Amino acid sequence: MKNIFLSLILITAASGFSYRSPMPINMTQSDLKYIAAKLQDPECVIGVFKVPDIRDEWHKIKATGDYPENDPSYMEFYKEKRFLKMNVVKLLKGDADSVVFTNINLGGISEEESLSFYTFPGVTWLLVLNKGLINNGGNAEPAGWLKDVKDIQKYKWLNPQTAFVADGYKGNYYIVWNKKYDIPVGLTETNMAFAEDIGNIYKAIQNFNKDTSKDDFNATLNLARDKMKTESGKTLCNMLIKK
């Protein structure tokens, strides 16, 4: 069964693969501004995720206590929607289960923007993912690719902790690349140190609200900045400081 899923992931990844470059792009000011905005967005999670390969163990879903692959409808649903299942390595902002499901974006050289997220097995990513089931008056309202899922409630492994929407062009930065595959053009490389900086920034500001004074907010960020491991983390703190 694992071999089937791995083959399907590879086929889907290759279909959006137009040309290659061995040189990754470094984190830009635009990337950091995007992350700064998403740190204050309640409808997203930020974390480190791995596209599983054949060697990775399957993870159980907390809501069911079972592997989603054991659901008889899982493979049929996968063939229809070509979604991506990823293992959660480390959450930096927001809540998620041990695995998440998201959409796969297809694109290439003809797009105005190059794809920045590919589904090659064994690659670990720092990702910004938007919620796929948004709380609306106590109801979980589908967003993005999940709007087209009929009878979504019958898939118990799709819930607010597992269902997310990926932006194929923003918020995607690889940490560990699988050297079996060439690196596509337009990808941004980062590292766990920067990911940990993001997590520490969020911990510092997560309990603040609109009533928090600017002085208290900025003082907290200044303290966090002194503890950053990366220059990008320091820059992110500076971007969040209120003028």
# chains A, B, ... in the order shown; residues from 1 in each chain; ligands from 1
>>> residues_around(residues="segment 34-38 of chain A", least_positions_apart="6", cutoff="8 Å", atoms="only C-alpha atoms", output="list in words")
Cys44, Val128, Lys170, Gly171, Leu236, Met239 and Leu240 of chain A
>>> write_last_selection(atoms="N, CA and C atoms", output="mmCIF file, in the first residue's frame")
data_model
loop_
_atom_site.group_PDB
_atom_site.id
_atom_site.type_symbol
_atom_site.label_atom_id
_atom_site.label_comp_id
_atom_site.auth_asym_id
_atom_site.auth_seq_id
_atom_site.Cartn_x
_atom_site.Cartn_y
_atom_site.Cartn_z
ATOM 1 N N CYS A 44 -4.404 30.313 10.332
ATOM 2 C CA CYS A 44 -3.320 29.548 9.720
ATOM 3 C C CYS A 44 -2.491 28.851 10.782
ATOM 4 N N VAL A 128 3.669 27.629 5.805
ATOM 5 C CA VAL A 128 2.502 28.347 6.297
ATOM 6 C C VAL A 128 1.289 27.698 5.633
ATOM 7 N N LYS A 170 3.454 30.808 -1.997
ATOM 8 C CA LYS A 170 3.887 31.604 -0.848
ATOM 9 C C LYS A 170 3.963 30.741 0.406
ATOM 10 N N GLY A 171 4.901 31.111 1.279
ATOM 11 C CA GLY A 171 4.981 30.466 2.583
ATOM 12 C C GLY A 171 5.556 29.069 2.580
ATOM 13 N N LEU A 236 12.578 39.602 11.484
ATOM 14 C CA LEU A 236 11.159 39.340 11.688
ATOM 15 C C LEU A 236 10.650 40.076 12.929
ATOM 16 N N MET A 239 10.219 43.696 12.087
ATOM 17 C CA MET A 239 9.030 43.943 11.256
ATOM 18 C C MET A 239 7.750 43.990 12.094
ATOM 19 N N LEU A 240 7.734 43.226 13.177
ATOM 20 C CA LEU A 240 6.537 43.136 14.010
ATOM 21 C C LEU A 240 6.422 44.269 15.014
#
>>> closest_atom_pairs(of="segment 144-168 of chain A", to="segment 57-70 of chain A", cutoff="12 Å", atoms="only C-alpha atoms", output="CSV")
residue,atom,partner,partner_atom,distance
A:Tyr155,CA,A:Pro68,CA,8.9
A:Lys156,CA,A:Thr64,CA,6.9
A:Trp157,CA,A:Pro68,CA,6.0
A:Leu158,CA,A:Pro68,CA,9.1
A:Asn159,CA,A:Ala63,CA,8.3
A:Pro160,CA,A:Ala63,CA,10.4
A:Gln161,CA,A:Ala63,CA,9.0
A:Thr162,CA,A:Ile61,CA,8.4
A:Ala163,CA,A:Ile61,CA,11.8
>>> closest_atom_pairs(of="segment 84-193 of chain A", to="segment 198-208 of chain A", cutoff="10 Å", atoms="only C-alpha atoms", output="CSV")
residue,atom,partner,partner_atom,distance
A:Lys90,CA,A:Gly199,CA,9.3
A:Leu91,CA,A:Gly199,CA,7.7
A:Leu92,CA,A:Gly199,CA,4.3
A:Lys93,CA,A:Tyr202,CA,6.5
A:Gly94,CA,A:Tyr202,CA,9.4
A:Met192,CA,A:Ile198,CA,9.8
A:Ala193,CA,A:Ile198,CA,8.9
>>> write_last_selection(atoms="N, CA and C atoms", output="short mmCIF file (atom, residue, chain, number, x, y, z; two decimals), in the first residue's frame")
data_model
loop_
_atom_site.label_atom_id
_atom_site.label_comp_id
_atom_site.auth_asym_id
_atom_site.auth_seq_id
_atom_site.Cartn_x
_atom_site.Cartn_y
_atom_site.Cartn_z
N LYS A 90 7.21 19.59 13.71
CA LYS A 90 7.22 20.56 14.81
C LYS A 90 6.24 21.68 14.49
N LEU A 91 5.31 21.94 15.40
CA LEU A 91 4.39 23.05 15.24
C LEU A 91 4.99 24.31 15.84
N LEU A 92 4.90 25.40 15.11
CA LEU A 92 5.45 26.68 15.57
C LEU A 92 4.35 27.66 15.94
N LYS A 93 3.20 27.52 15.28
CA LYS A 93 2.03 28.37 15.54
C LYS A 93 0.77 27.59 15.20
N GLY A 94 -0.21 27.62 16.09
CA GLY A 94 -1.47 26.97 15.81
C GLY A 94 -1.49 25.50 16.23
N MET A 192 16.33 24.79 10.49
CA MET A 192 15.58 24.60 11.72
C MET A 192 15.80 25.75 12.71
N ALA A 193 16.97 26.37 12.64
CA ALA A 193 17.24 27.49 13.54
C ALA A 193 16.24 28.63 13.30
#
>>> residues_around(residues="segment 83-85 of chain A", least_positions_apart="3", cutoff="8 Å", atoms="only C-alpha atoms", output="PyMOL selection string")
chain A and resi 9+51-52+78+99-104+119
>>> select_by_dssp(residues="segment 27-225 of chain A", states="helix (DSSP H, G or I)", output="ChimeraX atom specification")
/A:29-38,68-70,74-81,144-148,152-154,192-205,214-225
>>> select_by_dssp(residues="segment 4-195 of chain A", states="strand (DSSP E or B)", output="MDAnalysis selection string")
chainID A and resid 20 25 44:50 61 66 84:93 99:102 124:131 133:136 139:142 163:166 172:176 184 188:189
>>> closest_residue(among="A:Phe120, A:Phe217, A:Tyr74, A:Tyr174", to="Leu187 of chain A", atoms="only C-alpha atoms")
A:Tyr174
>>> residues_around(residues="Lys50 of chain A", least_positions_apart="2", cutoff="6 Å", atoms="only C-alpha atoms", output="list of chain:residue names")
A:Pro52, A:Met86, A:Asn87, A:Val123, A:Thr124
>>> decode(residues="segment 92-122 of chain A", atoms="N, CA and C atoms", output="PDB file, in the first residue's frame")
ATOM      1  N   LEU A  92       4.903  25.403  15.111  1.00  0.00           N
ATOM      2  CA  LEU A  92       5.450  26.680  15.568  1.00  0.00           C
ATOM      3  C   LEU A  92       4.352  27.662  15.936  1.00  0.00           C
ATOM      4  N   LYS A  93       3.197  27.520  15.275  1.00  0.00           N
ATOM      5  CA  LYS A  93       2.032  28.369  15.544  1.00  0.00           C
ATOM      6  C   LYS A  93       0.774  27.589  15.199  1.00  0.00           C
ATOM      7  N   GLY A  94      -0.212  27.624  16.093  1.00  0.00           N
ATOM      8  CA  GLY A  94      -1.474  26.968  15.812  1.00  0.00           C
ATOM      9  C   GLY A  94      -1.489  25.504  16.233  1.00  0.00           C
ATOM     10  N   ASP A  95      -2.605  24.846  15.953  1.00  0.00           N
ATOM     11  CA  ASP A  95      -2.822  23.464  16.368  1.00  0.00           C
ATOM     12  C   ASP A  95      -2.981  22.548  15.156  1.00  0.00           C
ATOM     13  N   ALA A  96      -2.467  21.347  15.276  1.00  0.00           N
ATOM     14  CA  ALA A  96      -2.623  20.330  14.236  1.00  0.00           C
ATOM     15  C   ALA A  96      -2.397  18.959  14.849  1.00  0.00           C
ATOM     16  N   ASP A  97      -2.865  17.937  14.148  1.00  0.00           N
ATOM     17  CA  ASP A  97      -2.701  16.547  14.568  1.00  0.00           C
ATOM     18  C   ASP A  97      -1.273  16.087  14.239  1.00  0.00           C
ATOM     19  N   SER A  98      -1.041  14.793  14.296  1.00  0.00           N
ATOM     20  CA  SER A  98       0.284  14.260  13.977  1.00  0.00           C
ATOM     21  C   SER A  98       0.536  14.223  12.473  1.00  0.00           C
ATOM     22  N   VAL A  99      -0.549  14.301  11.677  1.00  0.00           N
ATOM     23  CA  VAL A  99      -0.438  14.425  10.228  1.00  0.00           C
ATOM     24  C   VAL A  99      -1.414  15.495   9.763  1.00  0.00           C
ATOM     25  N   VAL A 100      -1.148  16.068   8.588  1.00  0.00           N
ATOM     26  CA  VAL A 100      -2.064  17.028   7.990  1.00  0.00           C
ATOM     27  C   VAL A 100      -2.304  16.637   6.538  1.00  0.00           C
ATOM     28  N   PHE A 101      -3.444  17.049   6.016  1.00  0.00           N
ATOM     29  CA  PHE A 101      -3.797  16.829   4.617  1.00  0.00           C
ATOM     30  C   PHE A 101      -3.987  18.183   3.954  1.00  0.00           C
ATOM     31  N   THR A 102      -3.401  18.335   2.776  1.00  0.00           N
ATOM     32  CA  THR A 102      -3.544  19.598   2.067  1.00  0.00           C
ATOM     33  C   THR A 102      -3.612  19.335   0.570  1.00  0.00           C
ATOM     34  N   ASN A 103      -3.903  20.393  -0.172  1.00  0.00           N
ATOM     35  CA  ASN A 103      -4.023  20.295  -1.623  1.00  0.00           C
ATOM     36  C   ASN A 103      -2.655  20.290  -2.288  1.00  0.00           C
ATOM     37  N   ILE A 104      -2.616  19.795  -3.514  1.00  0.00           N
ATOM     38  CA  ILE A 104      -1.406  19.829  -4.330  1.00  0.00           C
ATOM     39  C   ILE A 104      -1.617  20.821  -5.457  1.00  0.00           C
ATOM     40  N   ASN A 105      -0.741  21.819  -5.532  1.00  0.00           N
ATOM     41  CA  ASN A 105      -0.826  22.815  -6.594  1.00  0.00           C
ATOM     42  C   ASN A 105       0.020  22.391  -7.778  1.00  0.00           C
ATOM     43  N   LEU A 106      -0.530  22.491  -8.969  1.00  0.00           N
ATOM     44  CA  LEU A 106       0.207  22.187 -10.185  1.00  0.00           C
ATOM     45  C   LEU A 106       0.462  23.477 -10.952  1.00  0.00           C
ATOM     46  N   GLY A 107       1.657  23.630 -11.475  1.00  0.00           N
ATOM     47  CA  GLY A 107       2.006  24.836 -12.216  1.00  0.00           C
ATOM     48  C   GLY A 107       3.335  24.652 -12.892  1.00  0.00           C
ATOM     49  N   GLY A 108       3.910  25.719 -13.393  1.00  0.00           N
ATOM     50  CA  GLY A 108       5.192  25.595 -14.067  1.00  0.00           C
ATOM     51  C   GLY A 108       5.652  26.903 -14.666  1.00  0.00           C
ATOM     52  N   ILE A 109       6.396  26.811 -15.741  1.00  0.00           N
ATOM     53  CA  ILE A 109       7.043  27.971 -16.311  1.00  0.00           C
ATOM     54  C   ILE A 109       6.054  28.974 -16.876  1.00  0.00           C
ATOM     55  N   SER A 110       4.858  28.529 -17.239  1.00  0.00           N
ATOM     56  CA  SER A 110       3.876  29.423 -17.821  1.00  0.00           C
ATOM     57  C   SER A 110       3.155  30.265 -16.775  1.00  0.00           C
ATOM     58  N   GLU A 111       3.295  29.931 -15.511  1.00  0.00           N
ATOM     59  CA  GLU A 111       2.639  30.687 -14.453  1.00  0.00           C
ATOM     60  C   GLU A 111       3.335  32.034 -14.246  1.00  0.00           C
ATOM     61  N   GLU A 112       2.574  33.027 -13.783  1.00  0.00           N
ATOM     62  CA  GLU A 112       3.169  34.329 -13.481  1.00  0.00           C
ATOM     63  C   GLU A 112       4.176  34.209 -12.351  1.00  0.00           C
ATOM     64  N   GLU A 113       3.914  33.312 -11.412  1.00  0.00           N
ATOM     65  CA  GLU A 113       4.846  33.016 -10.338  1.00  0.00           C
ATOM     66  C   GLU A 113       5.252  31.552 -10.430  1.00  0.00           C
ATOM     67  N   SER A 114       6.465  31.255 -10.016  1.00  0.00           N
ATOM     68  CA  SER A 114       6.916  29.865 -10.005  1.00  0.00           C
ATOM     69  C   SER A 114       6.404  29.175  -8.748  1.00  0.00           C
ATOM     70  N   LEU A 115       6.062  27.909  -8.885  1.00  0.00           N
ATOM     71  CA  LEU A 115       5.705  27.130  -7.701  1.00  0.00           C
ATOM     72  C   LEU A 115       6.870  27.141  -6.716  1.00  0.00           C
ATOM     73  N   SER A 116       6.536  27.199  -5.435  1.00  0.00           N
ATOM     74  CA  SER A 116       7.583  27.137  -4.419  1.00  0.00           C
ATOM     75  C   SER A 116       7.393  25.953  -3.488  1.00  0.00           C
ATOM     76  N   PHE A 117       6.436  25.058  -3.837  1.00  0.00           N
ATOM     77  CA  PHE A 117       6.179  23.882  -3.015  1.00  0.00           C
ATOM     78  C   PHE A 117       5.952  22.674  -3.906  1.00  0.00           C
ATOM     79  N   TYR A 118       6.771  21.638  -3.705  1.00  0.00           N
ATOM     80  CA  TYR A 118       6.658  20.399  -4.459  1.00  0.00           C
ATOM     81  C   TYR A 118       6.524  19.226  -3.490  1.00  0.00           C
ATOM     82  N   THR A 119       5.975  18.123  -3.982  1.00  0.00           N
ATOM     83  CA  THR A 119       5.589  17.031  -3.090  1.00  0.00           C
ATOM     84  C   THR A 119       6.556  15.850  -3.103  1.00  0.00           C
ATOM     85  N   PHE A 120       7.815  16.078  -3.399  1.00  0.00           N
ATOM     86  CA  PHE A 120       8.766  14.980  -3.439  1.00  0.00           C
ATOM     87  C   PHE A 120       8.905  14.322  -2.066  1.00  0.00           C
ATOM     88  N   PRO A 121       8.848  12.991  -2.000  1.00  0.00           N
ATOM     89  CA  PRO A 121       8.971  12.285  -0.724  1.00  0.00           C
ATOM     90  C   PRO A 121      10.322  12.557  -0.058  1.00  0.00           C
ATOM     91  N   GLY A 122      10.296  12.583   1.263  1.00  0.00           N
ATOM     92  CA  GLY A 122      11.523  12.727   2.022  1.00  0.00           C
ATOM     93  C   GLY A 122      12.007  14.147   2.197  1.00  0.00           C
TER      94      GLY A 122
END
